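**Student:** Just so it is clear, I am handing over work_19.cif, which has mmCIF, C-alpha atoms and all ligand atoms.
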```cif
data_work
loop_
_atom_site.label_atom_id
_atom_site.label_comp_id
_atom_site.auth_asym_id
_atom_site.auth_seq_id
_atom_site.Cartn_x
_atom_site.Cartn_y
_atom_site.Cartn_z
CA MET P 873 -69.64 -53.13 -12.84
CA THR P 874 -69.58 -49.35 -12.30
CA GLU P 875 -66.59 -48.18 -10.30
CA LYS P 876 -67.13 -45.79 -7.40
CA THR P 877 -64.24 -43.85 -5.93
CA THR P 878 -64.00 -42.47 -2.39
CA GLY P 879 -61.43 -40.98 -0.01
CA VAL P 880 -57.88 -39.91 -0.78
CA SER P 881 -55.03 -39.81 1.72
CA PRO P 882 -51.70 -40.71 0.14
CA ARG P 883 -48.60 -39.41 1.87
CA ARG P 884 -44.96 -39.26 0.87
CA SER P 885 -42.65 -41.41 2.98
CA GLN P 886 -39.23 -40.45 4.24
CA PHE P 887 -38.06 -43.82 2.84
CA CYS P 888 -39.27 -43.14 -0.67
CA CYS P 889 -36.67 -43.25 -3.43
CA TYR P 890 -38.99 -41.74 -6.09
CA ASN P 891 -39.79 -38.06 -6.67
CA SER P 892 -43.35 -39.04 -5.79
CA PRO P 893 -44.37 -42.23 -3.96
CA PRO P 894 -44.68 -45.32 -6.15
CA ARG P 895 -48.33 -46.27 -6.71
CA LEU P 896 -49.57 -49.57 -5.36
CA LEU P 897 -52.85 -51.13 -6.43
CA ASP P 898 -54.41 -53.07 -3.52
CA LEU P 899 -56.81 -55.60 -5.07
CA TYR P 900 -59.47 -57.27 -2.87
CA CYS P 901 -58.56 -54.58 -0.35
CA GLY P 902 -61.17 -55.16 2.39
CA GLU P 903 -60.75 -52.58 5.16
CA GLY P 904 -57.09 -52.09 4.39
CA GLY P 905 -54.79 -54.21 6.60
CA ALA P 906 -52.47 -54.95 3.69
CA GLY P 907 -52.81 -51.44 2.28
CA MET P 908 -51.76 -49.85 5.58
CA GLY P 909 -48.49 -51.78 5.63
CA TYR P 910 -47.58 -50.62 2.13
CA HIS P 911 -48.57 -47.06 3.04
CA ARG P 912 -46.17 -47.19 5.99
CA ALA P 913 -43.44 -48.43 3.67
CA GLY P 914 -43.94 -45.30 1.53
CA PHE P 915 -46.37 -46.32 -1.23
CA GLU P 916 -49.34 -44.35 -2.47
CA VAL P 917 -52.11 -46.93 -2.07
CA VAL P 918 -55.36 -47.30 -4.03
CA GLY P 919 -57.76 -50.10 -3.05
CA VAL P 920 -60.39 -52.02 -5.03
CA ASP P 921 -63.09 -54.17 -3.49
CA ILE P 922 -66.40 -55.50 -4.77
CA ASN P 923 -68.10 -54.37 -1.56
CA PRO P 924 -68.30 -50.83 -0.16
CA GLN P 925 -65.43 -50.30 2.29
CA PRO P 926 -66.12 -47.07 4.19
CA ARG P 927 -63.32 -47.86 6.68
CA TYR P 928 -60.67 -48.22 3.96
CA PRO P 929 -58.13 -45.50 4.85
CA PHE P 930 -56.89 -44.67 1.32
CA MET P 931 -58.39 -43.91 -2.08
CA PHE P 932 -61.02 -46.59 -2.68
CA ILE P 933 -62.69 -47.89 -5.84
CA GLN P 934 -65.68 -50.17 -5.61
CA GLY P 935 -65.68 -52.73 -8.39
CA ASP P 936 -64.50 -56.14 -9.52
CA ALA P 937 -60.78 -56.50 -8.85
CA LEU P 938 -59.90 -58.25 -12.09
CA ASP P 939 -62.01 -55.93 -14.27
CA TYR P 940 -60.34 -52.91 -12.68
CA ALA P 941 -56.84 -54.37 -12.97
CA ARG P 942 -57.42 -55.26 -16.65
CA ALA P 943 -58.42 -51.67 -17.39
CA HIS P 944 -56.06 -49.76 -15.07
CA GLY P 945 -53.31 -52.09 -13.80
CA HIS P 946 -50.76 -50.51 -16.15
CA GLU P 947 -51.19 -47.18 -14.29
CA TYR P 948 -49.55 -48.61 -11.13
CA ASP P 949 -45.98 -49.47 -10.14
CA VAL P 950 -46.88 -52.51 -8.03
CA ILE P 951 -49.97 -54.70 -7.63
CA HIS P 952 -50.92 -56.55 -4.45
CA ALA P 953 -53.85 -59.01 -4.42
CA SER P 954 -55.60 -60.74 -1.51
CA PRO P 955 -58.18 -62.94 -3.28
CA PRO P 956 -60.92 -64.36 -1.02
CA CYS P 957 -59.57 -67.33 0.95
CA GLN P 958 -62.81 -69.23 1.63
CA ALA P 959 -62.04 -71.82 -1.07
CA TYR P 960 -58.75 -72.68 0.60
CA SER P 961 -59.55 -72.45 4.30
CA VAL P 962 -60.28 -75.40 6.58
CA THR P 963 -63.99 -74.48 6.75
CA ARG P 964 -64.48 -74.50 2.94
CA HIS P 965 -66.75 -77.57 2.92
CA ALA P 966 -69.33 -75.71 5.01
CA LEU P 967 -69.85 -73.18 2.18
CA ALA P 968 -71.77 -73.50 -1.09
CA PRO P 969 -69.49 -73.14 -4.16
CA GLN P 970 -70.73 -69.63 -5.00
CA TYR P 971 -69.41 -68.44 -1.60
CA ARG P 972 -65.91 -69.81 -2.17
CA PRO P 973 -64.70 -68.59 -5.57
CA GLU P 974 -61.24 -69.76 -6.59
CA LEU P 975 -59.70 -66.54 -7.87
CA ILE P 976 -55.98 -67.14 -7.37
CA PRO P 977 -55.22 -68.66 -10.82
CA GLN P 978 -57.02 -65.90 -12.76
CA THR P 979 -55.48 -63.23 -10.59
CA ARG P 980 -51.95 -64.60 -11.09
CA GLU P 981 -52.45 -64.91 -14.83
CA LEU P 982 -53.53 -61.28 -15.08
CA LEU P 983 -50.71 -59.99 -12.86
CA GLU P 984 -48.12 -61.86 -14.93
CA TYR P 985 -49.66 -60.45 -18.09
CA LEU P 986 -49.53 -56.89 -16.76
CA GLY P 987 -45.84 -57.36 -16.03
CA LYS P 988 -45.60 -55.13 -12.94
CA PRO P 989 -44.02 -56.35 -9.70
CA TRP P 990 -46.78 -58.20 -7.87
CA VAL P 991 -47.73 -59.94 -4.62
CA ILE P 992 -50.51 -62.48 -4.03
CA GLU P 993 -51.41 -63.11 -0.39
CA ASN P 994 -53.43 -65.98 0.97
CA VAL P 995 -53.93 -68.54 3.72
CA VAL P 996 -51.96 -71.69 4.42
CA GLY P 997 -53.37 -74.30 2.04
CA ALA P 998 -53.99 -71.92 -0.87
CA PRO P 999 -52.47 -72.93 -4.23
CA LEU P 1000 -49.45 -70.61 -4.22
CA ARG P 1001 -46.46 -71.82 -6.27
CA TRP P 1002 -43.78 -70.46 -3.93
CA TYR P 1003 -44.10 -68.16 -0.99
CA VAL P 1004 -42.76 -66.67 2.17
CA GLU P 1005 -44.88 -67.39 5.23
CA LEU P 1006 -45.25 -64.64 7.80
CA CYS P 1007 -46.42 -65.03 11.41
CA GLY P 1008 -47.29 -62.37 13.98
CA VAL P 1009 -44.56 -63.57 16.31
CA MET P 1010 -41.97 -62.42 13.74
CA PHE P 1011 -43.19 -58.86 14.34
CA GLY P 1012 -43.82 -58.96 18.09
CA LEU P 1013 -47.60 -59.25 17.61
CA LYS P 1014 -49.87 -61.24 19.91
CA THR P 1015 -51.40 -63.27 17.14
CA TYR P 1016 -50.08 -66.02 14.86
CA ARG P 1017 -52.21 -65.38 11.75
CA HIS P 1018 -50.01 -67.24 9.30
CA ARG P 1019 -50.24 -65.80 5.81
CA ARG P 1020 -48.37 -66.72 2.66
CA PHE P 1021 -47.13 -64.34 -0.02
CA GLU P 1022 -46.22 -65.37 -3.56
CA MET P 1023 -44.26 -62.59 -5.28
CA SER P 1024 -42.57 -61.68 -8.53
CA PHE P 1025 -39.48 -60.63 -6.53
CA LEU P 1026 -37.40 -62.00 -3.69
CA VAL P 1027 -37.72 -60.99 -0.04
CA PHE P 1028 -36.17 -62.38 3.10
CA GLN P 1029 -38.41 -64.30 5.46
CA PRO P 1030 -37.78 -63.61 9.15
CA GLU P 1031 -36.99 -66.61 11.31
CA HIS P 1032 -40.18 -68.42 12.29
CA LEU P 1033 -39.75 -68.38 16.04
CA PRO P 1034 -41.49 -70.93 18.27
CA HIS P 1035 -45.01 -69.94 19.31
CA PRO P 1036 -44.79 -68.74 22.89
CA GLU P 1037 -48.42 -69.44 23.87
CA ARG P 1038 -51.01 -72.07 23.12
CA LEU P 1039 -54.47 -71.22 21.83
CA THR P 1040 -57.63 -73.06 22.81
CA ARG P 1041 -59.11 -75.47 20.25
CA LYS P 1042 -61.34 -72.65 19.01
CA GLY P 1043 -58.34 -70.37 18.52
CA ARG P 1044 -59.03 -68.28 21.62
CA ALA P 1045 -56.41 -66.98 24.00
CA ALA P 1046 -55.74 -69.59 26.65
CA SER P 1047 -55.28 -66.86 29.26
CA PRO P 1048 -56.45 -63.23 29.52
CA GLY P 1049 -54.10 -60.90 27.66
CA GLY P 1050 -52.58 -63.81 25.79
CA PHE P 1051 -52.43 -64.46 22.09
CA SER P 1052 -55.60 -64.23 20.03
CA ASN P 1053 -56.88 -65.51 16.71
CA PRO P 1054 -59.47 -62.97 15.48
CA CYS P 1055 -62.16 -65.03 13.79
CA GLY P 1056 -65.94 -65.45 13.92
CA HIS P 1057 -67.59 -63.18 16.46
CA PRO P 1058 -66.12 -61.74 19.65
CA ASN P 1059 -66.99 -63.96 22.62
CA PHE P 1060 -67.03 -61.30 25.30
CA ALA P 1061 -67.19 -57.51 25.68
CA GLY P 1062 -63.80 -56.10 24.90
CA GLU P 1063 -62.56 -59.02 22.80
CA ALA P 1064 -62.66 -56.90 19.62
CA ASP P 1065 -60.26 -54.46 21.30
CA ILE P 1066 -57.92 -57.33 22.09
CA TRP P 1067 -58.10 -58.34 18.41
CA LYS P 1068 -57.21 -54.79 17.35
CA ARG P 1069 -54.19 -54.70 19.60
CA SER P 1070 -53.05 -58.14 18.53
CA LEU P 1071 -53.16 -57.22 14.83
CA GLY P 1072 -51.84 -53.67 15.21
CA ILE P 1073 -55.05 -52.24 13.67
CA ASN P 1074 -57.29 -49.59 15.22
CA TRP P 1075 -59.72 -48.54 12.47
CA MET P 1076 -61.61 -51.65 11.44
CA THR P 1077 -64.96 -53.26 12.11
CA THR P 1078 -64.96 -56.67 13.75
CA ARG P 1079 -65.57 -58.27 10.35
CA GLY P 1080 -62.64 -56.38 8.85
CA LEU P 1081 -60.42 -57.63 11.66
CA THR P 1082 -61.31 -61.25 10.96
CA GLN P 1083 -60.12 -60.87 7.34
CA ALA P 1084 -57.18 -58.50 7.66
CA ILE P 1085 -53.49 -59.04 7.22
CA PRO P 1086 -51.52 -57.39 10.03
CA PRO P 1087 -50.03 -54.25 8.43
CA ALA P 1088 -46.62 -55.28 9.80
CA TYR P 1089 -46.50 -58.06 7.16
CA THR P 1090 -46.88 -55.84 4.12
CA GLU P 1091 -44.74 -53.13 5.66
CA TRP P 1092 -41.99 -55.76 5.83
CA ILE P 1093 -42.50 -56.66 2.18
CA GLY P 1094 -42.89 -53.05 1.06
CA ASN P 1095 -39.67 -52.00 2.78
CA GLN P 1096 -37.79 -54.65 0.80
CA LEU P 1097 -39.56 -53.84 -2.45
CA MET P 1098 -38.95 -50.09 -2.34
CA PRO P 1099 -35.19 -50.23 -3.06
CA LEU P 1100 -35.79 -52.82 -5.81
CA LEU P 1101 -38.15 -50.42 -7.57
CA ALA P 1102 -35.60 -47.65 -7.31
CA VAL P 1103 -33.17 -49.70 -9.42
CA GLY P 1104 -35.85 -50.91 -11.85
CA ALA P 1105 -36.07 -54.44 -10.40
CA GLY P 1106 -38.95 -56.20 -8.69
CA ASN P 1107 -40.15 -58.38 -11.51
CA TYR P 1108 -38.11 -61.43 -12.41
CA ASN P 1109 -40.72 -62.63 -14.85
CA ASP P 1110 -38.88 -60.79 -17.62
CA LYS P 1111 -40.64 -62.41 -20.56
CA HIS P 1112 -43.40 -59.91 -19.81
CA GLU P 1113 -42.43 -56.29 -20.27
CA GLY P 1114 -45.64 -54.60 -19.21
CA ARG P 1115 -48.85 -54.54 -21.18
CA GLY P 1116 -51.41 -51.94 -22.05
CA GLU P 1117 -49.04 -48.97 -21.92
C1 LIG X 1201 -59.33 -61.52 2.57
S1 LIG X 1201 -60.36 -60.11 2.29
C2 LIG X 1201 -59.13 -58.85 2.09
C3 LIG X 1201 -58.42 -58.43 3.33
C4 LIG X 1201 -57.48 -57.26 3.13
N1 LIG X 1201 -56.42 -57.57 2.20
C5 LIG X 1201 -56.86 -56.78 4.43
O1 LIG X 1201 -55.68 -57.04 4.68
O2 LIG X 1201 -57.57 -56.13 5.21
C6 LIG X 1201 -60.93 -60.36 0.65
C7 LIG X 1201 -61.76 -59.24 0.09
O3 LIG X 1201 -62.06 -59.55 -1.28
C8 LIG X 1201 -63.28 -58.92 -1.60
N2 LIG X 1201 -63.76 -59.50 -2.88
C9 LIG X 1201 -64.32 -60.71 -3.10
N3 LIG X 1201 -64.53 -60.90 -4.41
C10 LIG X 1201 -64.08 -59.77 -5.05
C11 LIG X 1201 -63.99 -59.37 -6.40
N4 LIG X 1201 -64.44 -60.15 -7.40
N5 LIG X 1201 -63.47 -58.16 -6.69
C12 LIG X 1201 -63.03 -57.34 -5.70
N6 LIG X 1201 -63.07 -57.68 -4.39
C13 LIG X 1201 -63.58 -58.88 -4.07
C14 LIG X 1201 -64.14 -59.13 -0.39
O4 LIG X 1201 -65.18 -58.16 -0.32
C15 LIG X 1201 -63.11 -58.99 0.74
O5 LIG X 1201 -63.13 -57.67 1.25
#
```
Now that the file is in, can you turn its structure into structure tokens?
**Tutor:**
Amino acid sequence: MTEKTTGVSPRRSQFCCYNSPPRLLDLYCGEGGAGMGYHRAGFEVVGVDINPQPRYPFMFIQGDALDYARAHGHEYDVIHASPPCQAYSVTRHALAPQYRPELIPQTRELLEYLGKPWVIENVVGAPLRWYVELCGVMFGLKTYRHRRFEMSFLVFQPEHLPHPERLTRKGRAASPGGFSNPCGHPNFAGEADIWKRSLGINWMTTRGLTQAIPPAYTEWIGNQLMPLLAVGAGNYNDKHEGRGE
């Protein structure tokens, strides 16, 4: 597939330990929830998605994630991947197989081959080998949105505090202003704004919001990864020393 590149807005962070910000490749980037967290942690972020993503806030390349990573992964310091979760979500049986590709094993194999520090994010139920599980409550957000992260390095997982509010059976807030679970279509005027506030995201379409990781999650990971990179750590899979360089 031909790659198309749009938009550039890297910035240098005050937390950065490099002369220039480390480069992070954001595979399956969507509208950039994950990318924004890494940006806030001080990374220069470049996203790849098979679909056009005009709302993506950083440099964007349209193309197949694995094709791009095979050709260019060695140019980055870190690789994050959010493969589509439809194959692993509770609603998977409602979808024909072509709409729920199982991309985690191929993605992991390629990331291990490339030998850079890496992160694979996905939903509860996805075939991750080990993971930390993050929840909005850990970051003071008004959503639960549990997501798991398998990584080539170690990070601390915040305490998983009790959920303070119940959701309705459809995942809606039980009371106005309460917690929300952005999924499907907004039910009432203004619900998309509630979703934005609950995720800590203000630039996305409604569809982007239903797929996004709250940036607070990857900011948490990125802040722990940054000092590891500064001392040359971040990849404990040391049988691979980086390929294609
Ligand atoms: C779960 S969403 C990503 C959400 C994003 N990480 C965020 O936090 O906002 C998965 C994305 O993978 C993209 N996608 C699906 N198959 C792809 C492929 N083969 N190559 C690149 N992107 C792909 C979809 O277009 C979708 O935007």
**Student:** How many Å separate atom S1 of ligand LIG 1201 (chain X) from atom CA of P:Leu1101?
**Tutor:**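 If I compute the distance from atom S1 of ligand LIG 1201 (chain X) to atom CA of P:Leu1101, I get 26.2 Å.
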**Student:** Between P:Pro955, P:Gly1104, P:Gly907, P:Gly945, which has the minimum distance to P:Arg972 (counting only C-alpha atoms)?
**Tutor:**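 Of the candidates, the smallest distance to P:Arg972 is held by P:Pro955.
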**Student:** Would you compute the box with edges along x, y and z of the file around ligand LIG 1201 (chain X), including every atom the file lists for it and 8 Å extra on each side, and give its centre and edge lengths in Å to one decimal, as JSON?
**Tutor:**
```
{"center_x": -60.4, "center_y": -58.8, "center_z": -1.1, "size_x": 25.5, "size_y": 21.4, "size_z": 28.6}
```
**Student:** Could I get the residue neighbourhood of ligand LIG 1201 (chain X) at 8 Å, counting all atoms listed in the file, as an MDAnalysis selection string?
**Tutor:** chainID P and resid 898:907 920:925 934:938 953:957 973 975 993:994 1080:1081 1083:1087
**Student:** Would you work out the distance separating atom CA of P:Ser892 from atom CA of P:Gln1029, expressed in Å to one decimal?
**Tutor:**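 A separation of 28.1 Å between them.
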